[in-house]
Every structure is written in structure tokens, then in C-alpha cells.
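K.L.:
File input.cif follows (mmCIF, C-alpha atoms):
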```cif
data_model
#
loop_
_atom_site.label_atom_id
_atom_site.label_comp_id
_atom_site.auth_asym_id
_atom_site.auth_seq_id
_atom_site.Cartn_x
_atom_site.Cartn_y
_atom_site.Cartn_z
CA MET A 1 -74.89 -54.21 19.19
CA GLN A 2 -71.95 -54.16 21.55
CA VAL A 3 -69.51 -54.61 18.62
CA ILE A 4 -70.99 -51.59 16.88
CA LYS A 5 -70.71 -49.60 20.10
CA ARG A 6 -67.07 -50.64 20.50
CA LEU A 7 -66.21 -49.73 16.90
CA PHE A 8 -68.11 -46.46 16.84
CA ILE A 9 -65.53 -44.30 18.63
CA PRO A 10 -62.47 -45.59 16.70
CA ALA A 11 -64.38 -45.19 13.45
CA LEU A 12 -65.29 -41.65 14.44
CA PHE A 13 -61.59 -40.93 15.08
CA VAL A 14 -60.59 -42.39 11.71
CA VAL A 15 -63.19 -40.28 9.91
CA ALA A 16 -62.16 -37.15 11.83
CA PHE A 17 -58.45 -37.68 11.13
CA SER A 18 -59.14 -38.40 7.47
CA ALA A 19 -61.15 -35.19 7.20
CA ILE A 20 -58.37 -33.19 8.85
CA GLY A 21 -55.74 -34.84 6.63
CA PHE A 22 -57.78 -34.12 3.51
CA SER A 23 -58.24 -30.49 4.55
CA VAL A 24 -54.50 -30.08 5.18
CA PHE A 25 -53.78 -31.67 1.79
CA LEU A 26 -56.21 -29.33 0.05
CA PHE A 27 -54.73 -26.34 1.89
CA ALA A 28 -51.15 -27.32 1.02
CA THR A 29 -51.86 -27.98 -2.66
CA ARG A 30 -54.14 -25.02 -3.28
CA PRO A 31 -52.93 -22.69 -6.03
CA LYS A 32 -51.08 -19.73 -4.56
CA ILE A 33 -51.99 -16.64 -6.53
CA ALA A 34 -51.00 -13.01 -6.06
CA TYR A 35 -51.13 -9.84 -8.09
CA VAL A 36 -48.91 -6.83 -8.52
CA ASP A 37 -49.44 -3.30 -9.74
CA LEU A 38 -47.22 -3.44 -12.85
CA ALA A 39 -46.76 0.31 -13.19
CA LYS A 40 -45.63 0.56 -9.56
CA VAL A 41 -43.20 -2.37 -9.94
CA TYR A 42 -41.79 -0.94 -13.18
CA ASN A 43 -41.39 2.58 -11.79
CA GLY A 44 -39.92 1.31 -8.53
CA PHE A 45 -37.30 -0.83 -10.25
CA GLU A 46 -33.82 0.58 -9.69
CA LEU A 47 -32.52 -0.30 -13.19
CA LYS A 48 -35.39 1.65 -14.76
CA LYS A 49 -34.48 4.71 -12.67
CA GLN A 50 -30.79 4.47 -13.61
CA LEU A 51 -31.46 4.00 -17.31
CA GLU A 52 -34.00 6.84 -17.24
CA THR A 53 -31.31 9.14 -15.82
CA GLN A 54 -28.87 8.01 -18.55
CA LEU A 55 -31.51 8.63 -21.22
CA LYS A 56 -32.23 12.11 -19.87
CA VAL A 57 -28.51 12.99 -20.02
CA VAL A 58 -28.27 11.81 -23.65
CA GLN A 59 -31.46 13.68 -24.59
CA GLN A 60 -30.23 16.87 -22.91
CA VAL A 61 -26.90 16.77 -24.76
CA ARG A 62 -28.70 16.24 -28.06
CA GLN A 63 -31.17 19.03 -27.29
CA ARG A 64 -28.27 21.38 -26.51
CA THR A 65 -26.74 20.63 -29.93
CA LEU A 66 -30.07 21.39 -31.60
CA ASP A 67 -30.51 24.56 -29.54
CA SER A 68 -27.13 25.94 -30.60
CA LEU A 69 -27.93 25.19 -34.25
CA GLU A 70 -31.28 26.93 -33.85
CA LEU A 71 -29.58 29.95 -32.32
CA GLY A 72 -27.17 30.07 -35.29
CA LEU A 73 -30.13 29.99 -37.68
CA LYS A 74 -31.84 32.83 -35.84
CA MET A 75 -28.70 34.96 -35.94
CA ILE A 76 -28.21 34.46 -39.67
CA SER A 77 -31.88 35.23 -40.23
CA ARG A 78 -31.53 38.47 -38.24
CA ASN A 79 -28.39 39.38 -40.21
CA LEU A 80 -30.24 38.80 -43.44
CA GLN A 81 -33.04 41.11 -42.39
CA SER A 82 -30.61 43.86 -41.45
CA ILE A 83 -28.64 43.83 -44.72
CA ASP A 84 -29.62 46.57 -47.16
CA SER A 85 -30.94 44.62 -50.15
CA ASP A 86 -30.02 47.28 -52.73
CA LYS A 87 -26.41 47.70 -51.69
CA SER A 88 -25.06 44.16 -51.21
CA LYS A 89 -26.78 41.46 -53.22
CA ASN A 90 -23.69 39.31 -53.10
CA GLU A 91 -23.63 39.36 -49.30
CA ILE A 92 -27.29 38.40 -49.19
CA GLN A 93 -26.61 35.44 -51.44
CA ILE A 94 -23.75 34.24 -49.24
CA LYS A 95 -25.85 34.56 -46.09
CA THR A 96 -28.82 32.82 -47.69
CA ASN A 97 -26.62 29.89 -48.72
CA GLU A 98 -25.17 29.74 -45.21
CA PHE A 99 -28.69 29.78 -43.77
CA GLU A 100 -29.86 26.99 -46.08
CA ALA A 101 -26.86 24.77 -45.23
CA LEU A 102 -27.38 25.29 -41.50
CA LYS A 103 -31.10 24.63 -41.84
CA GLN A 104 -30.42 21.34 -43.63
CA ASP A 105 -27.97 20.35 -40.92
CA TYR A 106 -30.52 21.25 -38.22
CA LEU A 107 -33.33 19.25 -39.83
CA TYR A 108 -31.04 16.26 -40.43
CA LYS A 109 -29.84 16.23 -36.83
CA GLN A 110 -33.36 16.77 -35.46
CA GLU A 111 -34.64 13.74 -37.34
CA ASN A 112 -31.64 11.59 -36.39
CA PHE A 113 -31.78 12.53 -32.72
CA SER A 114 -35.50 11.90 -32.56
CA SER A 115 -35.18 8.38 -34.03
CA ASP A 116 -32.09 7.63 -31.90
CA ASN A 117 -33.92 8.75 -28.77
CA SER A 118 -36.86 6.49 -29.45
CA SER A 119 -34.67 3.48 -30.29
CA LEU A 120 -32.59 4.07 -27.15
CA LEU A 121 -35.80 4.27 -25.11
CA GLN A 122 -36.96 1.01 -26.65
CA GLN A 123 -33.58 -0.65 -25.97
CA TYR A 124 -33.62 0.46 -22.31
CA ASP A 125 -37.21 -0.72 -21.98
CA GLN A 126 -36.25 -4.18 -23.25
CA GLN A 127 -33.35 -4.35 -20.78
CA VAL A 128 -35.60 -3.37 -17.88
CA TRP A 129 -38.26 -5.95 -18.76
CA LYS A 130 -35.67 -8.69 -19.34
CA GLN A 131 -34.31 -8.31 -15.82
CA LEU A 132 -37.70 -7.63 -14.24
CA ASN A 133 -39.25 -10.77 -15.76
CA GLN A 134 -36.35 -12.88 -14.47
CA TYR A 135 -36.61 -11.50 -10.92
CA VAL A 136 -40.40 -11.93 -10.81
CA LYS A 137 -39.91 -15.54 -11.93
CA ASP A 138 -37.25 -16.03 -9.22
CA TYR A 139 -39.58 -14.49 -6.61
CA GLY A 140 -42.47 -16.72 -7.67
CA GLU A 141 -40.32 -19.86 -7.51
CA ALA A 142 -38.72 -18.92 -4.18
CA ASN A 143 -42.09 -18.25 -2.55
CA GLY A 144 -44.06 -21.09 -4.14
CA TYR A 145 -46.48 -19.05 -6.21
CA THR A 146 -48.54 -20.78 -8.88
CA CYS A 147 -49.30 -17.53 -10.61
CA ILE A 148 -48.45 -13.82 -10.24
CA LEU A 149 -50.83 -11.56 -12.10
CA GLY A 150 -49.83 -8.14 -13.35
CA GLY A 151 -52.46 -5.43 -13.11
CA ASP A 152 -51.79 -2.31 -15.17
CA GLY A 153 -55.16 -0.64 -14.85
CA SER A 154 -56.37 -1.88 -18.23
CA GLY A 155 -58.68 -4.50 -16.81
CA ASN A 156 -56.39 -7.52 -16.40
CA VAL A 157 -57.13 -7.57 -12.69
CA MET A 158 -60.55 -6.03 -12.02
CA TYR A 159 -60.60 -6.74 -8.31
CA SER A 160 -58.40 -8.35 -5.73
CA SER A 161 -58.38 -8.34 -1.95
CA LYS A 162 -55.47 -6.43 -0.38
CA GLY A 163 -53.98 -9.64 0.98
CA LEU A 164 -53.11 -10.80 -2.53
CA ASP A 165 -51.26 -7.59 -3.42
CA ILE A 166 -47.49 -8.28 -3.26
CA THR A 167 -46.37 -5.13 -5.09
CA GLU A 168 -44.23 -3.72 -2.27
CA GLU A 169 -42.55 -7.07 -1.47
CA LEU A 170 -41.82 -7.59 -5.15
CA ILE A 171 -40.30 -4.11 -5.57
CA ALA A 172 -38.00 -4.77 -2.60
CA TYR A 173 -37.07 -8.21 -3.94
CA THR A 174 -36.40 -7.07 -7.52
CA ASN A 175 -34.18 -4.23 -6.31
CA LYS A 176 -32.27 -6.60 -4.06
CA CYS A 177 -31.78 -8.96 -7.00
CA PHE A 178 -30.72 -6.09 -9.24
CA LYS A 179 -28.03 -5.07 -6.76
CA GLY A 180 -26.88 -8.70 -6.79
CA GLU A 181 -27.39 -9.21 -3.08
CA THR A 182 -28.96 -12.64 -3.39
CA LYS A 183 -26.91 -15.79 -2.91
CA LEU A 184 -26.40 -18.44 -5.61
CA GLN A 185 -29.30 -20.88 -5.89
CA MET B 1 -22.26 -19.56 41.40
CA ARG B 2 -24.54 -20.93 38.73
CA PHE B 3 -24.96 -17.43 37.32
CA PHE B 4 -21.17 -16.96 37.30
CA ASN B 5 -20.76 -20.23 35.33
CA TYR B 6 -23.40 -19.06 32.89
CA ILE B 7 -21.54 -15.77 32.32
CA LEU B 8 -18.27 -17.70 31.84
CA PHE B 9 -19.93 -19.99 29.30
CA MET B 10 -21.35 -17.03 27.37
CA LEU B 11 -17.95 -15.31 27.39
CA PHE B 12 -16.31 -18.49 26.11
CA CYS B 13 -18.86 -18.78 23.28
CA PHE B 14 -18.33 -15.12 22.36
CA LEU B 15 -14.54 -15.50 22.30
CA ALA B 16 -14.76 -18.74 20.33
CA GLY B 17 -16.87 -16.91 17.75
CA CYS B 18 -14.34 -14.09 17.50
CA ILE B 19 -11.32 -16.30 16.85
CA GLN B 20 -10.58 -16.40 13.12
CA LYS B 21 -10.58 -19.87 11.61
CA GLU B 22 -7.29 -21.32 10.38
CA LEU B 23 -7.14 -23.55 7.31
CA THR B 24 -4.47 -25.33 5.31
CA PRO B 25 -3.88 -23.97 1.77
CA ALA B 26 -5.98 -26.73 0.15
CA GLN B 27 -8.85 -26.20 2.61
CA TYR B 28 -8.55 -22.43 2.16
CA MET B 29 -8.92 -22.68 -1.63
CA THR B 30 -12.04 -24.84 -1.25
CA TRP B 31 -13.47 -22.48 1.40
CA VAL B 32 -13.12 -19.40 -0.82
CA LYS B 33 -14.69 -21.16 -3.82
CA SER B 34 -17.62 -22.50 -1.80
CA GLU B 35 -20.96 -20.85 -2.54
CA GLU B 36 -21.99 -21.04 1.13
CA HIS B 37 -19.50 -18.44 2.29
CA GLY B 38 -20.71 -15.56 0.13
CA LEU B 39 -17.48 -14.91 -1.77
CA ARG B 40 -19.00 -16.56 -4.83
CA ILE B 41 -22.33 -15.07 -5.84
CA GLY B 42 -24.37 -15.06 -8.99
CA LYS B 43 -27.55 -14.29 -10.81
CA GLN B 44 -29.49 -15.42 -13.84
CA ILE B 45 -30.87 -13.01 -16.43
CA GLY B 46 -32.77 -14.70 -19.23
CA ASN B 47 -30.48 -17.27 -20.84
CA CYS B 48 -27.38 -15.90 -19.24
CA SER B 49 -25.87 -16.54 -15.82
CA PHE B 50 -23.33 -14.27 -14.18
CA THR B 51 -21.13 -15.58 -11.35
CA LEU B 52 -18.72 -13.39 -9.44
CA GLN B 53 -15.86 -14.84 -7.41
CA TYR B 54 -14.07 -12.55 -4.97
CA LYS B 55 -10.42 -13.56 -4.62
CA PRO B 56 -8.51 -12.45 -1.53
CA CYS B 57 -4.78 -11.74 -2.11
CA GLU B 58 -3.83 -14.97 -0.32
CA TYR B 59 -6.08 -16.96 -2.65
CA GLU B 60 -4.61 -15.24 -5.70
CA ALA B 61 -1.06 -15.92 -4.43
CA LEU B 62 -1.86 -19.58 -3.79
CA LEU B 63 -3.43 -19.88 -7.20
CA HIS B 64 -0.21 -18.82 -8.91
CA HIS B 65 2.52 -20.07 -6.54
CA LYS B 66 0.88 -23.00 -4.80
CA ASN B 67 4.02 -25.15 -4.70
CA GLU B 68 6.36 -22.33 -3.70
CA ILE B 69 4.42 -21.16 -0.64
CA LYS B 70 5.51 -23.31 2.29
CA ASN B 71 5.29 -20.89 5.20
CA GLU B 72 4.10 -17.47 6.37
CA LEU B 73 7.21 -15.75 4.99
CA ASP B 74 6.68 -17.16 1.47
CA LEU B 75 3.05 -16.11 1.66
CA ASN B 76 3.94 -12.54 2.65
CA LYS B 77 6.47 -12.37 -0.20
CA SER B 78 3.89 -13.56 -2.71
CA THR B 79 1.04 -11.36 -1.51
CA ALA B 80 3.12 -8.14 -1.23
CA PRO B 81 2.91 -7.22 -4.95
CA LEU B 82 -0.78 -8.17 -5.09
CA LYS B 83 -1.95 -6.03 -2.18
CA ASN B 84 -2.71 -2.84 -4.14
CA LEU B 85 -5.49 -4.47 -6.16
CA GLN B 86 -8.72 -6.34 -5.37
CA TYR B 87 -9.24 -9.38 -7.55
CA PHE B 88 -12.41 -10.90 -9.00
CA THR B 89 -13.35 -13.45 -11.63
CA LEU B 90 -16.61 -12.91 -13.49
CA THR B 91 -17.99 -15.97 -15.25
CA ILE B 92 -20.62 -15.47 -17.94
CA LYS B 93 -22.37 -18.61 -19.10
CA ASN B 94 -25.06 -19.20 -21.69
CA ALA B 95 -27.83 -21.69 -20.93
CA ASP B 96 -27.41 -23.22 -24.39
CA GLY B 97 -23.67 -23.75 -23.77
CA LYS B 98 -22.52 -21.50 -26.64
CA GLU B 99 -19.65 -19.00 -26.46
CA ILE B 100 -21.19 -15.65 -25.58
CA MET B 101 -19.85 -14.06 -28.78
CA GLU B 102 -21.92 -16.55 -30.78
CA GLU B 103 -25.17 -15.36 -29.17
CA GLY B 104 -27.08 -13.49 -31.88
CA SER B 105 -24.08 -13.47 -34.27
CA PHE B 106 -25.02 -14.58 -37.74
CA GLU B 107 -21.84 -13.53 -39.51
CA MET B 108 -18.14 -13.90 -38.82
CA VAL B 109 -17.75 -10.09 -38.90
CA GLU B 110 -20.20 -9.75 -36.03
CA TYR B 111 -18.47 -12.54 -34.13
CA GLY B 112 -15.12 -10.81 -34.72
CA SER B 113 -16.29 -7.43 -33.51
CA LYS B 114 -17.77 -9.04 -30.38
CA LEU B 115 -14.50 -10.85 -29.78
CA ASN B 116 -12.60 -7.57 -30.15
CA TYR B 117 -14.93 -5.98 -27.64
CA MET B 118 -14.37 -8.81 -25.18
CA ILE B 119 -10.60 -8.74 -25.58
CA SER B 120 -10.17 -5.03 -24.87
CA ASP B 121 -13.09 -2.58 -24.88
CA MET B 122 -15.16 -4.51 -22.34
CA GLN B 123 -12.79 -3.29 -19.61
CA MET B 124 -14.32 0.20 -19.86
CA ASP B 125 -17.75 -1.18 -18.95
CA PHE B 126 -16.64 -2.51 -15.56
CA SER B 127 -16.49 -0.54 -12.34
CA LEU B 128 -16.58 -1.36 -8.67
CA ILE B 129 -18.48 0.41 -5.90
CA ASP B 130 -16.26 0.05 -2.85
CA GLY B 131 -17.89 1.87 0.06
CA ASN B 132 -18.48 5.39 -1.19
CA ASP B 133 -15.97 5.19 -4.03
CA THR B 134 -16.57 4.05 -7.59
CA VAL B 135 -13.34 2.54 -8.87
CA PRO B 136 -12.59 1.91 -12.58
CA CYS B 137 -11.24 -1.44 -13.70
CA ALA B 138 -7.43 -1.41 -13.51
CA PHE B 139 -6.72 -4.96 -14.62
CA TYR B 140 -8.71 -6.92 -17.19
CA HIS B 141 -8.17 -10.20 -18.95
CA TYR B 142 -10.62 -12.30 -20.94
CA GLU B 143 -9.73 -16.00 -20.88
CA ARG B 144 -10.66 -17.19 -24.33
CA ASN B 145 -11.46 -20.91 -24.43
CA PHE B 146 -12.31 -21.32 -28.12
CA GLY B 147 -15.68 -22.91 -27.38
CA VAL B 148 -14.23 -25.73 -25.26
CA SER B 149 -16.26 -24.64 -22.24
CA PRO B 150 -19.54 -22.70 -22.04
CA GLU B 151 -18.02 -20.66 -19.20
CA ASN B 152 -16.43 -17.38 -20.21
CA ASN B 153 -14.06 -16.19 -17.50
CA ILE B 154 -13.06 -12.58 -17.14
CA LEU B 155 -10.33 -11.73 -14.64
CA LEU B 156 -10.71 -8.31 -13.07
CA GLY B 157 -8.63 -6.13 -10.78
CA PHE B 158 -9.64 -2.88 -9.09
CA GLU B 159 -7.56 -0.53 -6.98
CA SER B 160 -8.40 -0.53 -3.30
CA SER B 161 -10.72 2.22 -2.10
CA ALA B 162 -8.78 5.47 -1.61
CA THR B 163 -10.75 6.74 1.40
CA ASP B 164 -9.86 4.08 3.94
CA LYS B 165 -7.56 1.27 2.86
CA ASN B 166 -8.05 -0.72 6.05
CA LYS B 167 -11.85 -0.63 6.11
CA VAL B 168 -13.69 -3.54 4.53
CA ASN B 169 -16.76 -2.38 2.59
CA ASP B 170 -19.45 -4.09 0.55
CA LYS B 171 -18.09 -4.50 -2.97
CA THR B 172 -20.53 -4.09 -5.85
CA LEU B 173 -19.32 -4.98 -9.32
CA ILE B 174 -21.11 -3.06 -12.06
CA TYR B 175 -21.08 -4.28 -15.63
CA GLU B 176 -22.80 -2.14 -18.25
CA ASP B 177 -23.66 -4.95 -20.62
CA LYS B 178 -23.33 -3.98 -24.27
CA LEU B 179 -22.98 -7.55 -25.48
CA LEU B 180 -26.06 -9.48 -24.39
CA GLY B 181 -28.65 -6.72 -23.97
CA ASN B 182 -29.06 -7.08 -20.21
CA GLY B 183 -28.45 -3.44 -19.30
CA ILE B 184 -26.64 -2.76 -16.04
CA VAL B 185 -25.66 -5.95 -14.19
CA MET B 186 -24.74 -5.61 -10.51
CA LEU B 187 -23.26 -8.20 -8.15
CA THR B 188 -22.49 -7.50 -4.49
CA ILE B 189 -20.02 -9.21 -2.17
CA LYS B 190 -20.97 -8.41 1.43
CA SER B 191 -18.36 -6.97 3.78
CA GLU B 192 -19.34 -9.43 6.55
CA ASP B 193 -18.50 -12.32 4.20
CA ILE B 194 -15.09 -10.82 3.40
CA LYS B 195 -14.40 -10.39 7.14
CA GLN B 196 -15.11 -14.10 7.68
CA VAL B 197 -12.25 -15.23 5.41
CA PRO B 198 -10.08 -17.65 7.45
CA ARG B 199 -6.34 -17.34 8.08
CA LEU B 200 -3.87 -19.70 6.45
CA LYS B 201 -1.94 -22.17 8.54
CA PHE B 202 1.10 -24.08 7.36
CA VAL B 203 1.92 -27.58 8.61
CA LYS B 204 5.60 -27.86 9.59
#
```
Output the structure of this file as C-alpha cells.
P.N.:
Amino acid sequence: MQVIKRLFIPALFVVAFSAIGFSVFLFATRPKIAYVDLAKVYNGFELKKQLETQLKVVQQVRQRTLDSLELGLKMISRNLQSIDSDKSKNEIQIKTNEFEALKQDYLYKQENFSSDNSSLLQQYDQQVWKQLNQYVKDYGEANGYTCILGGDGSGNVMYSSKGLDITEELIAYTNKCFKGETKLQ
Amino acid sequence: MRFFNYILFMLFCFLAGCIQKELTPAQYMTWVKSEEHGLRIGKQIGNCSFTLQYKPCEYEALLHHKNEIKNELDLNKSTAPLKNLQYFTLTIKNADGKEIMEEGSFEMVEYGSKLNYMISDMQMDFSLIDGNDTVPCAFYHYERNFGVSPENNILLGFESSATDKNKVNDKTLIYEDKLLGNGIVMLTIKSEDIKQVPRLKFVK
């Protein structure tokens, strides 16, 4: 009986320490999961903003070219309407040919610009995602995340507590990486 | 008295921190190349890694005239013609160890046009943000290695910022990548790291 009494307290300590150790182990090896608002991260990414500005400049220049062609078409059309059809058939023919040529040019350019704009948008999009994916991976590795989920409002993440939302930290980190302010790893 | 000693100790520590380090040429070269000191920075994008090395004039002079520079006077002579530019080396490396022109090139024509771009046109895609100024690339050289090494070195030189030649600013290299589809690549060397560069000492 006395032996049991003597062993009881040390045994209690062993059990308590084991329980604490096991809890610490479980805590340390638990999967670390977070989620981000993808749209916010994408829109807050500096490269996306810069490429968007570049795209707008290109689109504006192209639109200006189309606008001047359109203006030319309108002027020829007005000239055509003002010419007296009985007096100068030859002049009408010349103007009509000029109008047709300009119209063809306008339609050709409109189609080309439209397809170029969409391919440029696609190219910029790929560049943004290429860098963004890399920086999110770097962030996850640097901070020991098992998984970072991207919620885009389409139901990928239906609910998450605010503590798991790392959107703002990730935006700051990705922009820092983009500016190349991180040291070599 | 004890308080006075404490103040003296603090003053000593402060002064010791302010004194610029002095290194021998060999130590200096190693110091500049070390990744700990912030003059060599890099980033990974997909399969590609970009490493930027900032090269102070003294480093550049030692690199080219190592055996001729024996004292301060030789050093001043060698650095004088280099002072109007800021020097960098950008290293682009593929994870698969290929030459970067080979990436996505299925035909020799494509390889050739990429090589042409790297030899000359690529210069136009580099610029440097130095403080408030954006400086175009004034000196450019691509070190072709014919596939011997996966590292592709590009030597770059930019004029010093026009606003204040004596002020040390953060220096951000911008490369508008038209070769590997990475978009705009930026790398920043911090001004505090440039200010930490040690002085050279010569053993008599």
C-alpha cells in the first residue's frame, strides 16, 4: 500500500507531463490554414495596376486612330450628300470609292485592334498570375502555412472566421516582393 | 560617477558603430558579393531566378585591375573614369539549367531572334529608379556563355541621379521582361546597405 502511495505522485507527474507534451506536439503539428479574398489580392497587386495603366494607354491610342478614321468617314459621307447628283456623277463615283476604301480600312483596324486588345489583356493577366502565384507560395513557405485558400465569391470558401483572413498581409507581402525588397533566400 | 561611466560607454558604442569598416581588397570583394549585406538580392518567378549584384566603383575597379591597385592613389586613378556610372550585374537563371534563349524555342530562327534581342534590344527594357529619377540604361553587355553555365549574366550601367549626385538613394532596377513572360521585374538595393559598404585598406 505504501509503495503505491509513494509511486502515485511521480506517476501523476509523468501522466501530466505526457499530456502537456502531447498537446504541445498536436498544437505544433496542426495544419496551418488561412484564406484570402482573391479579387482583393489581385486588384491590390502593384504589377496588375501598372499593366492596367499600360493597357489603357495602348487602348486609348488605338481608339484615337479609330476615331479619326470614323471622322473621315463622316466627312466623306456629308460631302456625298451635299453633291448635286445630276451635275457631277464622276465626282460622286470618286467620293464613293474613297468612302468604301476608308470604310474597309476602318473595319479592318477595328477588328485587329479588338483582337490585339484582348490578347494583350490575356498576356498581362498571365504575367500577373505568374508573379502572384510565386509570391503567395513564398509567403506560405516563409510563414509555415499548410494551405492558403483563395475565396473569389463563387463558393470556394463559404465561411471563415476573421482570424484566418490574411488578405491584407498577403497584399503587403506580394507588393514588397514585386518591388524586389526581399533578401535572397 | 556610475551614470557618467554609462554615458561614456554609450558614446563609445555609438562612435564605434559610426566608424566605417576597413577591409583588404580580397575581403572587400567577398563582402560585396555576400548575400548578407544586401548588395546582392534576388527573386524567383516560376522557373526563373533573377539575382542583382550592385557593384560599387571600387569593386568594379578591383575586378578589372586587381593586380595594378596597390595603394589609395592607384585606386583613385582606377575609379576616376568609372565614377559617372552605377554598375550592376543581373543574373538570370533557369531552374532546368538551360540557356534562357532555349526556353520555349522550338526552332533555330526563334533561338536566333531571342539571341539578337539579348545582344542589343534588351537594353531598352532596363531602367533604374534612383530616388525620384528614372534613369535609362547607358551601358549594357550580355555575357554569352554558349550553354556552359545556366547563369546568364547581363552587365548594366546607369548614369548617376541628376538631382543630387552625393545623396545615396534606394536603387530599383526595372526590367520589362519580353523574353520569359514575367512582365515587369523589379529588384531594389536599399540605400542603407549601400551606405554600409566598407572602405578599402592597403597593407604596406
K.L.:
Which residues of chain A have any atom within 9 Å of an atom in chain B when counting only C-alpha atoms, and what is the closest pair of atoms for each, with the distance in Å to one decimal? Order the rows by chain and rising number and write it as a tab-separated table.
P.N.:
```
residue	atom	partner	partner_atom	distance
A:Leu47	CA	B:Ile184	CA	7.0
A:Gln50	CA	B:Ile184	CA	8.7
A:Leu51	CA	B:Gly183	CA	8.3
A:Gln123	CA	B:Gly181	CA	8.1
A:Tyr124	CA	B:Gly183	CA	7.1
A:Gln126	CA	B:Gly181	CA	8.0
A:Gln127	CA	B:Asn182	CA	5.1
A:Val128	CA	B:Gly183	CA	7.3
A:Lys130	CA	B:Gly46	CA	6.7
A:Gln131	CA	B:Ile45	CA	5.9
A:Leu132	CA	B:Ile45	CA	9.0
A:Asn133	CA	B:Gly46	CA	8.3
A:Gln134	CA	B:Ile45	CA	5.8
A:Tyr135	CA	B:Ile45	CA	8.1
A:Cys177	CA	B:Lys43	CA	7.8
A:Phe178	CA	B:Met186	CA	6.1
A:Lys179	CA	B:Met186	CA	5.0
A:Gly180	CA	B:Leu187	CA	3.9
A:Glu181	CA	B:Thr188	CA	5.4
A:Thr182	CA	B:Ile41	CA	7.5
A:Lys183	CA	B:Ile41	CA	5.5
A:Leu184	CA	B:Gly42	CA	5.2
A:Gln185	CA	B:Gly42	CA	8.2
```
K.L.:
Give, as AutoDock Vina command-line options, the centre coordinates and the x, y and z edge lengths in Å to one decimal for an axis-aligned box around all listed atoms of segment 184-198 of chain B, padded by 6 Å on each side.
P.N.:
```
--center_x -18.4 --center_y -10.2 --center_z -4.2 --size_x 28.6 --size_y 26.9 --size_z 35.7
```
K.L.:
With all atoms listed in the file as the counted atoms, please give the residues lying no more than 9 Å from segment 107-118 of chain A, apart from itself and same-chain residues fewer than 2 positions off, as an MDAnalysis selection string.
P.N.:
chainID A and resid 55 58:59 62:63 65:66 102:105 120:123
K.L.:
Go ahead and dump the residues you just picked, C-alpha atoms, as an mmCIF file, keeping the file's coordinate frame.
P.N.:
```cif
data_model
loop_
_atom_site.group_PDB
_atom_site.id
_atom_site.type_symbol
_atom_site.label_atom_id
_atom_site.label_comp_id
_atom_site.auth_asym_id
_atom_site.auth_seq_id
_atom_site.Cartn_x
_atom_site.Cartn_y
_atom_site.Cartn_z
ATOM 1 C CA LEU A 55 -31.510 8.630 -21.220
ATOM 2 C CA VAL A 58 -28.270 11.810 -23.650
ATOM 3 C CA GLN A 59 -31.460 13.680 -24.590
ATOM 4 C CA ARG A 62 -28.700 16.240 -28.060
ATOM 5 C CA GLN A 63 -31.170 19.030 -27.290
ATOM 6 C CA THR A 65 -26.740 20.630 -29.930
ATOM 7 C CA LEU A 66 -30.070 21.390 -31.600
ATOM 8 C CA LEU A 102 -27.380 25.290 -41.500
ATOM 9 C CA LYS A 103 -31.100 24.630 -41.840
ATOM 10 C CA GLN A 104 -30.420 21.340 -43.630
ATOM 11 C CA ASP A 105 -27.970 20.350 -40.920
ATOM 12 C CA LEU A 120 -32.590 4.070 -27.150
ATOM 13 C CA LEU A 121 -35.800 4.270 -25.110
ATOM 14 C CA GLN A 122 -36.960 1.010 -26.650
ATOM 15 C CA GLN A 123 -33.580 -0.650 -25.970
#
```
K.L.:
Could you expand the PyMOL selection byres ((chain B and resi 70) around 10) into the explicit residues it covers here, written as a compact mmCIF listing (two decimals) with C-alpha atoms, in the coordinates of the input?
P.N.:
```
# COMPACT_ATOMS: atom_id res chain seq x y z
CA PRO B 25 -3.88 -23.97 1.77
CA HIS B 65 2.52 -20.07 -6.54
CA LYS B 66 0.88 -23.00 -4.80
CA ASN B 67 4.02 -25.15 -4.70
CA GLU B 68 6.36 -22.33 -3.70
CA ILE B 69 4.42 -21.16 -0.64
CA ASN B 71 5.29 -20.89 5.20
CA GLU B 72 4.10 -17.47 6.37
CA LEU B 73 7.21 -15.75 4.99
CA ASP B 74 6.68 -17.16 1.47
CA LEU B 75 3.05 -16.11 1.66
CA LYS B 201 -1.94 -22.17 8.54
CA PHE B 202 1.10 -24.08 7.36
CA VAL B 203 1.92 -27.58 8.61
CA LYS B 204 5.60 -27.86 9.59
```
K.L.:
Calculated over all atoms listed in the file, which of the candidates B:Gly131, B:Glu192, B:Leu200, B:Leu156 has the smallest distance to Asn169 of chain B?
P.N.:
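That would be B:Gly131, the residue with the smallest distance to Asn169 of chain B.
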K.L.:
What is the distance between atom CA of Val168 of chain B and atom CA of Ser191 of chain B, in Å to one decimal?
P.N.:
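Computed distance, atom CA of Val168 of chain B to atom CA of Ser191 of chain B, equals 5.8 Å.
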K.L.:
Taking the file as I've supplied it (selection: the PyMOL selection byres ((chain B and resi 84-100) around 7)), which residues are included? Please answer as a VMD selection string.
P.N.:
chain B and resid 47 to 56 82 to 83 101 to 103 147 150 to 160
K.L.:
Which value, in Å to one decimal, gives the distance between atom CA of Pro198 of chain B and atom CA of Glu143 of chain B?
P.N.:
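According to the coordinates, atom CA of Pro198 of chain B and atom CA of Glu143 of chain B are separated by 28.4 Å.
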K.L.:
Please compute the atom CA of Asp133 of chain B-atom CA of Lys195 of chain B distance, one decimal, in Å.
P.N.:
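These atoms are spaced 19.2 Å apart.
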K.L.:
Using the chain letters and numbering of this document, enumerate as a VMD selection string the residues selected by the PyMOL selection byres ((chain A and resi 166-168) around 12).
P.N.:
chain A and resid 33 to 45 136 139 to 140 143 145 147 to 152 160 to 165 169 to 175
K.L.:
Please fill the gaps in segment 57-63 of chain B so it has N, CA, C and O atoms, and write that as a short mmCIF file (atom, residue, chain, number, x, y, z; two decimals), keeping the file's coordinate frame.
P.N.:
```cif
data_model
loop_
_atom_site.label_atom_id
_atom_site.label_comp_id
_atom_site.auth_asym_id
_atom_site.auth_seq_id
_atom_site.Cartn_x
_atom_site.Cartn_y
_atom_site.Cartn_z
N CYS B 57 -6.17 -11.71 -1.63
CA CYS B 57 -4.78 -11.74 -2.11
C CYS B 57 -4.13 -13.11 -1.86
O CYS B 57 -3.39 -13.62 -2.71
N GLU B 58 -4.43 -13.68 -0.69
CA GLU B 58 -3.83 -14.97 -0.32
C GLU B 58 -4.27 -16.06 -1.31
O GLU B 58 -3.49 -16.91 -1.71
N TYR B 59 -5.53 -15.99 -1.70
CA TYR B 59 -6.08 -16.96 -2.65
C TYR B 59 -5.38 -16.81 -4.00
O TYR B 59 -4.98 -17.79 -4.62
N GLU B 60 -5.25 -15.55 -4.42
CA GLU B 60 -4.61 -15.24 -5.70
C GLU B 60 -3.15 -15.72 -5.68
O GLU B 60 -2.67 -16.31 -6.66
N ALA B 61 -2.46 -15.49 -4.54
CA ALA B 61 -1.06 -15.92 -4.43
C ALA B 61 -0.97 -17.44 -4.49
O ALA B 61 -0.10 -17.99 -5.18
N LEU B 62 -1.87 -18.11 -3.78
CA LEU B 62 -1.86 -19.58 -3.79
C LEU B 62 -2.17 -20.15 -5.17
O LEU B 62 -1.65 -21.18 -5.57
N LEU B 63 -3.03 -19.43 -5.88
CA LEU B 63 -3.43 -19.88 -7.20
C LEU B 63 -2.23 -19.91 -8.16
O LEU B 63 -2.11 -20.81 -8.99
#
```
